$ cat structure_38.txt   # compact mmCIF, C-alpha atoms and all ligand atoms
# COMPACT_ATOMS: atom_id res chain seq x y z
CA MET A 1 6.02 7.04 20.25
CA GLY A 2 2.99 9.30 20.17
CA ILE A 3 0.16 9.24 17.67
CA SER A 4 -2.00 12.23 16.94
CA ARG A 5 -4.50 13.00 14.24
CA ARG A 6 -4.67 16.15 12.16
CA ASP A 7 -8.02 16.93 10.71
CA THR A 8 -6.99 20.16 9.07
CA LEU A 9 -6.17 18.47 5.77
CA GLY A 10 -9.52 16.76 5.46
CA LEU A 11 -11.03 19.07 2.89
CA ALA A 12 -11.45 17.87 -0.63
CA LEU A 13 -9.45 20.03 -2.95
CA ALA A 14 -10.53 20.82 -6.47
CA GLY A 15 -7.58 22.37 -8.32
CA ALA A 16 -5.37 21.91 -5.28
CA ALA A 17 -2.77 24.40 -4.10
CA VAL A 18 -0.36 21.52 -3.92
CA ALA A 19 2.84 23.20 -2.79
CA GLY A 20 1.36 24.45 0.47
CA THR A 21 -0.33 21.19 1.28
CA ALA A 22 2.90 19.25 0.86
CA ARG A 23 4.51 21.39 3.56
CA ALA A 24 1.52 20.84 5.81
CA ALA A 25 1.76 17.06 5.37
CA ALA A 26 5.41 16.90 6.41
CA PRO A 27 6.47 20.06 8.21
CA ALA A 28 9.86 21.48 7.25
CA GLY A 29 12.61 20.36 9.62
CA ASN A 30 10.53 17.33 10.55
CA ALA A 31 11.21 15.10 7.58
CA ALA A 32 9.32 11.84 7.41
CA LEU A 33 11.07 8.57 8.06
CA VAL A 34 8.22 6.10 7.54
CA VAL A 35 4.91 6.67 5.78
CA SER A 36 2.14 4.19 5.11
CA THR A 37 -1.39 3.93 3.82
CA TRP A 38 -4.52 4.16 5.97
CA ASP A 39 -5.05 4.65 9.71
CA PHE A 40 -3.87 1.14 10.43
CA GLY A 41 -0.53 2.21 8.95
CA ALA A 42 0.29 3.84 12.31
CA ALA A 43 0.89 0.42 13.91
CA ALA A 44 2.93 -0.68 10.91
CA ASN A 45 5.01 2.50 11.12
CA ALA A 46 5.69 1.80 14.78
CA ALA A 47 7.04 -1.67 13.97
CA ALA A 48 9.10 -0.31 11.09
CA TYR A 49 10.50 2.49 13.20
CA SER A 50 11.46 0.12 16.05
CA ARG A 51 13.20 -2.21 13.63
CA TRP A 52 15.16 0.66 12.11
CA LYS A 53 16.00 2.13 15.54
CA ALA A 54 17.28 -1.28 16.63
CA GLY A 55 19.82 -1.19 13.80
CA GLY A 56 17.81 -2.77 11.01
CA THR A 57 18.09 -1.71 7.39
CA LEU A 58 15.32 0.17 5.64
CA VAL A 59 14.32 -3.11 3.97
CA ASP A 60 14.13 -4.73 7.41
CA ALA A 61 11.99 -1.81 8.54
CA VAL A 62 9.42 -1.92 5.73
CA GLU A 63 9.21 -5.71 5.99
CA ALA A 64 8.56 -5.48 9.75
CA GLY A 65 5.91 -2.83 9.13
CA ALA A 66 4.14 -4.81 6.42
CA GLN A 67 4.05 -7.89 8.63
CA VAL A 68 1.80 -6.10 11.15
CA PRO A 69 -1.42 -5.98 9.09
CA GLU A 70 -0.50 -9.35 7.51
CA ALA A 71 -0.80 -10.94 10.96
CA ASP A 72 -3.83 -8.90 12.02
CA LEU A 73 -6.92 -11.11 11.87
CA SER A 74 -9.21 -8.10 11.99
CA ASN A 75 -7.76 -6.74 8.77
CA HIS A 76 -9.71 -8.52 6.06
CA SER A 77 -7.63 -7.56 3.08
CA VAL A 78 -4.04 -8.18 4.05
CA GLY A 79 -2.54 -11.55 4.98
CA MET A 80 -4.25 -13.86 7.49
CA GLY A 81 -7.97 -13.15 7.76
CA GLY A 82 -8.04 -11.64 4.27
CA TYR A 83 -11.25 -12.23 2.34
CA PRO A 84 -10.95 -14.97 -0.26
CA ASP A 85 -11.47 -14.90 -3.98
CA ARG A 86 -14.77 -15.87 -5.60
CA ASP A 87 -13.93 -19.55 -5.17
CA GLY A 88 -12.97 -19.34 -1.49
CA HIS A 89 -9.16 -19.16 -1.76
CA VAL A 90 -7.21 -16.46 0.12
CA THR A 91 -4.52 -15.28 -2.30
CA LEU A 92 -1.88 -12.71 -1.40
CA ASP A 93 0.10 -10.20 -3.47
CA ALA A 94 3.23 -8.43 -2.17
CA ILE A 95 6.32 -6.56 -3.30
CA ILE A 96 9.42 -5.19 -1.59
CA MET A 97 12.10 -2.91 -3.09
CA ASP A 98 15.27 -1.17 -2.03
CA ASP A 99 16.91 1.78 -3.76
CA ARG A 100 19.60 -0.24 -5.48
CA GLY A 101 17.36 -1.75 -8.11
CA HIS A 102 16.51 -4.84 -6.08
CA ALA A 103 12.89 -5.95 -6.13
CA GLY A 104 11.02 -9.11 -5.20
CA ALA A 105 7.34 -9.93 -5.46
CA VAL A 106 4.81 -12.69 -5.13
CA ALA A 107 1.34 -12.78 -6.63
CA ALA A 108 -1.61 -15.09 -5.98
CA LEU A 109 0.34 -16.74 -3.16
CA GLU A 110 -1.74 -19.17 -1.11
CA GLY A 111 -1.08 -20.59 2.35
CA TYR A 112 1.66 -18.29 3.67
CA VAL A 113 0.75 -15.37 5.89
CA HIS A 114 3.84 -13.22 5.43
CA ALA A 115 3.74 -12.68 1.69
CA ILE A 116 6.09 -9.72 2.16
CA SER A 117 8.79 -11.97 3.60
CA VAL A 118 8.41 -14.46 0.76
CA ALA A 119 8.73 -11.51 -1.63
CA ARG A 120 11.92 -10.50 0.14
CA ARG A 121 13.34 -13.99 -0.39
CA VAL A 122 12.49 -13.71 -4.09
CA MET A 123 14.46 -10.46 -4.11
CA GLU A 124 17.44 -11.78 -2.18
CA ARG A 125 17.68 -15.44 -3.17
CA THR A 126 16.54 -15.70 -6.78
CA PRO A 127 17.49 -14.02 -10.04
CA HIS A 128 13.80 -13.17 -10.55
CA THR A 129 11.53 -10.31 -9.55
CA MET A 130 8.22 -12.17 -9.21
CA LEU A 131 6.88 -15.64 -8.52
CA VAL A 132 3.18 -16.44 -8.82
CA GLY A 133 0.64 -19.00 -7.68
CA GLU A 134 1.80 -22.57 -7.15
CA GLY A 135 5.41 -21.70 -7.91
CA ALA A 136 5.40 -18.96 -5.29
CA ALA A 137 3.93 -21.34 -2.70
CA GLN A 138 6.46 -24.05 -3.59
CA PHE A 139 9.27 -21.52 -3.19
CA ALA A 140 7.90 -20.34 0.17
CA GLY A 141 7.85 -23.94 1.42
CA GLU A 142 11.39 -24.57 0.17
CA GLN A 143 12.51 -21.43 1.99
CA GLY A 144 11.20 -22.81 5.27
CA PHE A 145 8.08 -20.70 5.68
CA ALA A 146 5.32 -22.57 7.50
CA ALA A 147 2.16 -23.22 5.47
CA GLN A 148 -1.13 -22.46 7.13
CA ASN A 149 -4.78 -22.00 6.33
CA LEU A 150 -5.36 -18.26 5.91
CA LEU A 151 -9.16 -18.47 5.64
CA THR A 152 -10.49 -17.55 9.08
CA PRO A 153 -14.03 -18.56 10.10
CA GLU A 154 -15.04 -14.89 9.93
CA ALA A 155 -13.71 -14.47 6.39
CA GLU A 156 -15.34 -17.74 5.34
CA ALA A 157 -18.67 -16.59 6.75
CA ALA A 158 -18.39 -13.29 4.85
CA TRP A 159 -17.61 -15.19 1.66
CA LYS A 160 -20.63 -17.49 2.11
CA GLU A 161 -22.82 -14.46 2.72
CA TRP A 162 -21.44 -12.85 -0.44
CA LEU A 163 -22.14 -16.03 -2.42
CA LYS A 164 -25.87 -15.52 -1.82
CA THR A 165 -25.83 -12.64 -4.31
CA ALA A 166 -22.31 -12.95 -5.71
CA GLN A 167 -22.27 -9.32 -6.76
CA TYR A 168 -18.85 -7.78 -7.00
CA LYS A 169 -18.91 -4.06 -6.26
CA PRO A 170 -15.90 -2.30 -4.74
CA VAL A 171 -16.83 0.27 -2.10
CA ALA A 172 -14.67 3.37 -1.67
CA ASN A 173 -12.70 3.76 1.56
CA ILE A 174 -14.16 0.62 3.05
CA GLU A 175 -10.70 0.08 4.56
CA ASN A 176 -11.54 2.27 7.50
CA GLN A 177 -15.03 0.92 8.12
CA ARG A 178 -14.27 -1.94 10.46
CA GLY A 179 -16.89 -4.62 10.85
CA THR A 180 -18.38 -4.12 7.42
CA ALA A 181 -17.98 -6.29 4.36
CA LEU A 182 -14.55 -4.99 3.52
CA ASP A 183 -13.71 -5.45 -0.11
CA HIS A 184 -10.21 -4.07 -0.44
CA ASP A 185 -7.47 -2.76 1.75
CA THR A 186 -3.73 -2.61 1.21
CA ILE A 187 -0.72 -1.44 3.09
CA GLY A 188 1.94 0.42 1.19
CA ILE A 189 4.83 1.46 3.43
CA LEU A 190 7.78 3.65 2.45
CA ALA A 191 10.88 4.36 4.54
CA ARG A 192 13.65 6.90 4.16
CA SER A 193 16.78 7.22 6.27
CA PRO A 194 18.06 10.67 7.30
CA ASP A 195 20.75 10.37 4.61
CA GLY A 196 18.12 9.94 1.89
CA ARG A 197 18.22 6.17 1.30
CA LEU A 198 14.85 4.60 0.51
CA ALA A 199 12.91 1.32 0.61
CA GLY A 200 9.29 0.29 0.19
CA ALA A 201 6.85 -2.57 0.60
CA CYS A 202 3.26 -3.24 -0.37
CA THR A 203 1.11 -6.22 0.64
CA THR A 204 -2.54 -7.12 0.15
CA SER A 205 -5.05 -9.89 -0.36
CA GLY A 206 -6.47 -7.69 -3.10
CA MET A 207 -10.12 -7.26 -3.88
CA ALA A 208 -12.39 -9.51 -1.86
CA PHE A 209 -14.24 -12.13 -3.90
CA LYS A 210 -12.16 -11.32 -6.97
CA LEU A 211 -12.01 -13.72 -9.90
CA ARG A 212 -9.62 -16.59 -9.26
CA GLY A 213 -6.21 -15.64 -10.63
CA ARG A 214 -6.83 -11.88 -10.48
CA VAL A 215 -3.74 -9.87 -9.54
CA GLY A 216 -3.98 -6.16 -8.80
CA ASP A 217 -1.46 -3.36 -8.91
CA SER A 218 0.12 -4.03 -5.52
CA PRO A 219 2.82 -6.62 -6.40
CA GLN A 220 3.72 -5.08 -9.75
CA ALA A 221 6.82 -2.90 -9.75
CA GLY A 222 5.89 0.54 -11.01
CA CYS A 223 2.20 0.04 -10.28
CA GLY A 224 1.64 -0.54 -6.54
CA LEU A 225 5.18 0.47 -5.60
CA LEU A 226 8.31 2.07 -6.97
CA VAL A 227 11.51 3.16 -5.25
CA GLU A 228 14.12 5.20 -7.10
CA PRO A 229 17.44 6.27 -5.58
CA GLY A 230 17.99 9.99 -5.31
CA VAL A 231 14.36 10.70 -6.19
CA GLY A 232 11.76 9.09 -3.97
CA ALA A 233 9.25 6.31 -3.59
CA ALA A 234 5.54 5.94 -4.22
CA THR A 235 2.82 3.44 -3.42
CA ALA A 236 -0.84 3.08 -4.31
CA THR A 237 -4.06 1.83 -2.80
CA GLY A 238 -7.59 1.47 -4.10
CA VAL A 239 -8.92 -0.16 -7.25
CA GLY A 240 -5.79 -1.83 -8.57
CA GLU A 241 -6.88 -2.05 -12.18
CA GLU A 242 -7.02 1.75 -12.35
CA VAL A 243 -3.50 2.01 -10.95
CA THR A 244 -2.08 -0.70 -13.21
CA ARG A 245 -3.51 0.92 -16.36
CA ILE A 246 -1.30 3.96 -15.82
CA ALA A 247 1.67 2.30 -14.06
CA GLY A 248 0.74 4.59 -11.19
CA ALA A 249 3.74 4.46 -8.84
CA ALA A 250 6.13 4.82 -11.78
CA ARG A 251 4.20 7.86 -12.95
CA VAL A 252 4.39 9.49 -9.51
CA VAL A 253 8.12 8.81 -9.14
CA GLY A 254 8.73 9.97 -12.72
CA SER A 255 7.00 13.26 -11.98
CA MET A 256 9.16 13.70 -8.88
CA ARG A 257 12.24 12.97 -10.98
CA MET A 258 11.19 15.81 -13.28
CA GLY A 259 10.97 18.19 -10.33
CA MET A 260 7.41 17.95 -9.02
CA SER A 261 6.84 17.80 -5.28
CA ALA A 262 5.60 14.49 -3.89
CA MET A 263 2.18 16.07 -3.40
CA ALA A 264 1.98 17.52 -6.91
CA ALA A 265 3.08 14.18 -8.38
CA CYS A 266 0.34 12.26 -6.53
CA HIS A 267 -2.22 14.87 -7.57
CA GLU A 268 -1.15 14.65 -11.22
CA ALA A 269 -1.46 10.85 -11.29
CA VAL A 270 -4.96 10.97 -9.79
CA GLU A 271 -6.05 13.64 -12.28
CA HIS A 272 -4.66 11.55 -15.12
CA ILE A 273 -6.74 8.52 -14.09
CA VAL A 274 -9.89 10.60 -13.86
CA LYS A 275 -9.31 12.24 -17.25
CA LEU A 276 -8.45 8.92 -18.86
CA ARG A 277 -11.28 6.90 -17.39
CA GLY A 278 -14.11 9.39 -16.96
CA ASP A 279 -17.34 7.78 -15.81
CA ALA A 280 -15.64 4.43 -15.31
CA VAL A 281 -14.04 5.80 -12.13
CA LYS A 282 -16.87 8.00 -10.94
CA ASP A 283 -17.32 5.96 -7.74
CA ALA A 284 -13.86 4.43 -7.57
CA GLN A 285 -11.21 5.20 -5.02
CA VAL A 286 -7.53 5.34 -5.96
CA ALA A 287 -4.93 7.00 -3.78
CA PHE A 288 -1.20 7.57 -4.07
CA LEU A 289 1.27 8.15 -1.26
CA ALA A 290 4.82 9.32 -1.96
CA ILE A 291 7.95 10.47 -0.21
CA ASP A 292 10.92 12.22 -1.77
CA ASN A 293 14.52 11.63 -0.81
CA LYS A 294 14.43 14.65 1.51
CA GLY A 295 11.47 13.31 3.45
CA GLU A 296 8.73 15.49 2.02
CA VAL A 297 5.46 13.57 1.82
CA GLY A 298 2.59 13.80 -0.63
CA ALA A 299 -0.75 12.02 -0.81
CA PHE A 300 -3.70 12.45 -3.10
CA ALA A 301 -6.89 10.46 -3.74
CA ILE A 302 -9.81 10.52 -6.13
CA LEU A 303 -12.35 10.52 -3.29
CA PRO A 304 -12.18 11.88 0.24
CA GLY A 305 -11.60 9.32 2.96
CA PHE A 306 -8.08 8.10 2.28
CA THR A 307 -5.75 8.49 5.27
CA TYR A 308 -2.05 7.91 5.78
CA ALA A 309 0.35 7.67 8.69
CA VAL A 310 3.60 9.65 8.91
CA THR A 311 6.40 8.92 11.39
CA ASP A 312 9.30 11.30 11.79
CA ALA A 313 12.87 10.59 12.87
CA SER A 314 11.97 11.03 16.54
CA GLY A 315 9.34 8.30 16.24
CA HIS A 316 6.36 10.65 16.43
CA THR A 317 3.44 9.50 14.27
CA THR A 318 0.58 11.53 12.86
CA VAL A 319 -2.36 10.26 10.82
CA HIS A 320 -3.50 12.58 8.05
CA PRO A 321 -6.63 12.72 5.92
CA SER A 322 -5.51 12.94 2.31
CA LEU A 323 -6.48 15.66 -0.09
CA SER A 324 -8.76 14.45 -2.85
CA LEU A 325 -9.97 15.45 -6.28
CA ARG A 326 -13.66 15.00 -5.59
CA ARG A 327 -15.74 16.14 -2.70
CA ALA A 328 -17.85 13.73 -0.67
C1 LIG A 401 -5.71 -4.27 -5.34
N1 LIG A 401 -4.82 -2.10 -4.85
O1 LIG A 401 -5.50 -5.47 -5.24
C2 LIG A 401 -5.24 -3.34 -4.25
C3 LIG A 401 -6.32 -3.17 -3.26
C4 LIG A 401 -6.17 -1.98 -2.41
O2 LIG A 401 -6.92 -0.60 -0.74
O3 LIG A 401 -5.23 -1.26 -2.46
N2 LIG A 401 -7.07 -1.66 -1.55
O4 LIG A 401 -6.33 -3.78 -6.27
$ encode --input "structure_38.txt" --output "structure tokens"
Amino acid sequence: MGISRRDTLGLALAGAAVAGTARAAAPAGNAALVVSTWDFGAAANAAAYSRWKAGGTLVDAVEAGAQVPEADLSNHSVGMGGYPDRDGHVTLDAIIMDDRGHAGAVAALEGYVHAISVARRVMERTPHTMLVGEGAAQFAGEQGFAAQNLLTPEAEAAWKEWLKTAQYKPVANIENQRGTALDHDTIGILARSPDGRLAGACTTSGMAFKLRGRVGDSPQAGCGLLVEPGVGAATATGVGEEVTRIAGAARVVGSMRMGMSAMAACHEAVEHIVKLRGDAVKDAQVAFLAIDNKGEVGAFAILPGFTYAVTDASGHTTVHPSLSLRRA
């Protein structure tokens, strides 16, 4: 499967001509099969695509994709190697959904690298939609997942360095600046079969050095992820509190249900946050990524710098810079 990068969409767009950009993001006749957040989504898409090609379900595919950054030690905000909270604990948030109303999530899970797989067990083996903290870890153990220490020496060193000043300040788009003090980074991955079925997953260790017990948008249905049959799916990345305030993914999917393109829906949700929050989000990054049931993709961010990976039914992957409301 080939990966190429298109830089033609990299311009910030004030008052975006959204219909045209949606076509550019997912060319007609080349409907997307898997989409995910950030450049590192390309590797996740590859795993998802292989799983689907091998006969897996869409849920199998998004789980396999989400597991890639969870196991990647160099990714400091998803799974193993994720930066800890203020008190030194790595805590993971994840959600998985199909398009039949099934959803499972874990929040503030400690000691289990594949939070997405624990979330899937919540979906498939409990009557609940979310388990948190100690209860989530107890459930993971009972389900046979192996407990391990997720705090790598590198993440511990970064935490100790941070403790010297203990100033919490999210930095926009730090996801793609490897080797820096990453503060947040999430994978949201959405899959759609050629017959229009949908599934999605989202997994993160959330904001680095967050307050103990803090849960962001990612594991909350309708905030970090929503999948709706016959309509589409959406996921979010960036400052989770800003997404949660507006139930971001639900807003994007709702707009698509009312007839907006995936691109227009993502744009609308970003504009809403900026209007609602004004100066409070002047330096904040929030981005939405969506796919409709025909495979048209949309992405929109507050700030430039957000990227996303698109894989079509032939397995070809492209990484796209998102449109954004503000210029650099
Ligand atoms: C959170 N939304 O916990 C996540 C972080 C994130 O890219 O998406 N970073 O707030």
$ residues_near_point --input "structure_38.txt" --point "(14.6, -4.7, 4.0)" --cutoff "9 Å" --atoms "only C-alpha atoms" --output "PyMOL selection string"
chain A and resi 56-64+96-98+120+199-201
$ residues_around --input "structure_38.txt" --residues "stretch 291-293 of chain A" --least-positions-apart "4" --cutoff "8 Å" --atoms "only C-alpha atoms" --output "list of chain:residue names"
A:Ala32, A:Val35, A:Leu190, A:Arg192, A:Gly196, A:Arg197, A:Leu198, A:Pro229, A:Gly230, A:Val231, A:Gly232, A:Ala233, A:Ala234, A:Met256, A:Ser261, A:Ala262, A:Val297, A:Gly298
$ residues_near_ligand --input "structure_38.txt" --ligand "ligand LIG 401 (chain A)" --cutoff "8 Å" --atoms "only C-alpha atoms and all ligand atoms" --output "NGL selection string"
:A and (77 or 93 or 173 or 175 or 183-187 or 204-207 or 215-218 or 224 or 236-241 or 243 or 286)
$ atom_distance --input "structure_38.txt" --atom1 "atom CA of A:Glu242" --atom2 "atom CA of A:Leu33"
28.1 Å
$ atom_distance --input "structure_38.txt" --atom1 "atom CA of A:Ile246" --atom2 "atom CA of A:Val281"
13.4 Å
$ atom_distance --input "structure_38.txt" --atom1 "atom CA of A:Ala66" --atom2 "atom CA of A:Ala313"
18.8 Å
$ decode --input "structure_38.txt" --residues "stretch 121-168 of chain A" --atoms "C-alpha atoms" --output "CSV table (one decimal), in the first residue's frame"
chain,number,residue,atom,x,y,z
A,121,ARG,CA,-14.8,-5.9,25.8
A,122,VAL,CA,-17.0,-3.4,27.7
A,123,MET,CA,-19.0,-3.1,24.5
A,124,GLU,CA,-19.3,-6.8,23.8
A,125,ARG,CA,-19.4,-8.4,27.3
A,126,THR,CA,-21.1,-6.0,29.6
A,127,PRO,CA,-24.5,-4.2,29.6
A,128,HIS,CA,-22.6,-0.9,30.1
A,129,THR,CA,-21.0,1.7,27.9
A,130,MET,CA,-18.1,2.9,30.1
A,131,LEU,CA,-16.0,1.7,32.9
A,132,VAL,CA,-13.5,4.0,34.7
A,133,GLY,CA,-10.5,3.9,36.9
A,134,GLU,CA,-10.1,1.0,39.3
A,135,GLY,CA,-13.2,-0.7,38.0
A,136,ALA,CA,-11.9,-0.6,34.4
A,137,ALA,CA,-8.6,-2.0,35.5
A,138,GLN,CA,-10.3,-4.8,37.5
A,139,PHE,CA,-12.4,-5.6,34.5
A,140,ALA,CA,-9.4,-5.7,32.2
A,141,GLY,CA,-7.6,-8.1,34.5
A,142,GLU,CA,-10.7,-10.3,34.8
A,143,GLN,CA,-10.9,-10.4,31.0
A,144,GLY,CA,-7.4,-11.8,30.8
A,145,PHE,CA,-5.5,-8.7,29.7
A,146,ALA,CA,-1.9,-8.6,31.0
A,147,ALA,CA,-1.1,-5.7,33.4
A,148,GLN,CA,2.1,-3.8,32.8
A,149,ASN,CA,3.8,-0.7,33.7
A,150,LEU,CA,3.0,1.9,31.0
A,151,LEU,CA,5.4,4.6,32.3
A,152,THR,CA,8.5,4.3,30.2
A,153,PRO,CA,11.8,5.8,31.4
A,154,GLU,CA,11.6,8.5,28.7
A,155,ALA,CA,8.1,9.5,29.8
A,156,GLU,CA,9.1,9.4,33.5
A,157,ALA,CA,12.1,11.7,32.7
A,158,ALA,CA,9.8,14.1,30.8
A,159,TRP,CA,7.4,14.2,33.8
A,160,LYS,CA,10.3,14.9,36.3
A,161,GLU,CA,11.5,17.7,34.0
A,162,TRP,CA,8.0,19.1,33.9
A,163,LEU,CA,7.7,18.9,37.7
A,164,LYS,CA,10.5,21.5,38.0
A,165,THR,CA,8.1,24.2,36.8
A,166,ALA,CA,4.8,22.2,36.9
A,167,GLN,CA,3.2,24.6,34.4
A,168,TYR,CA,0.4,23.1,32.4
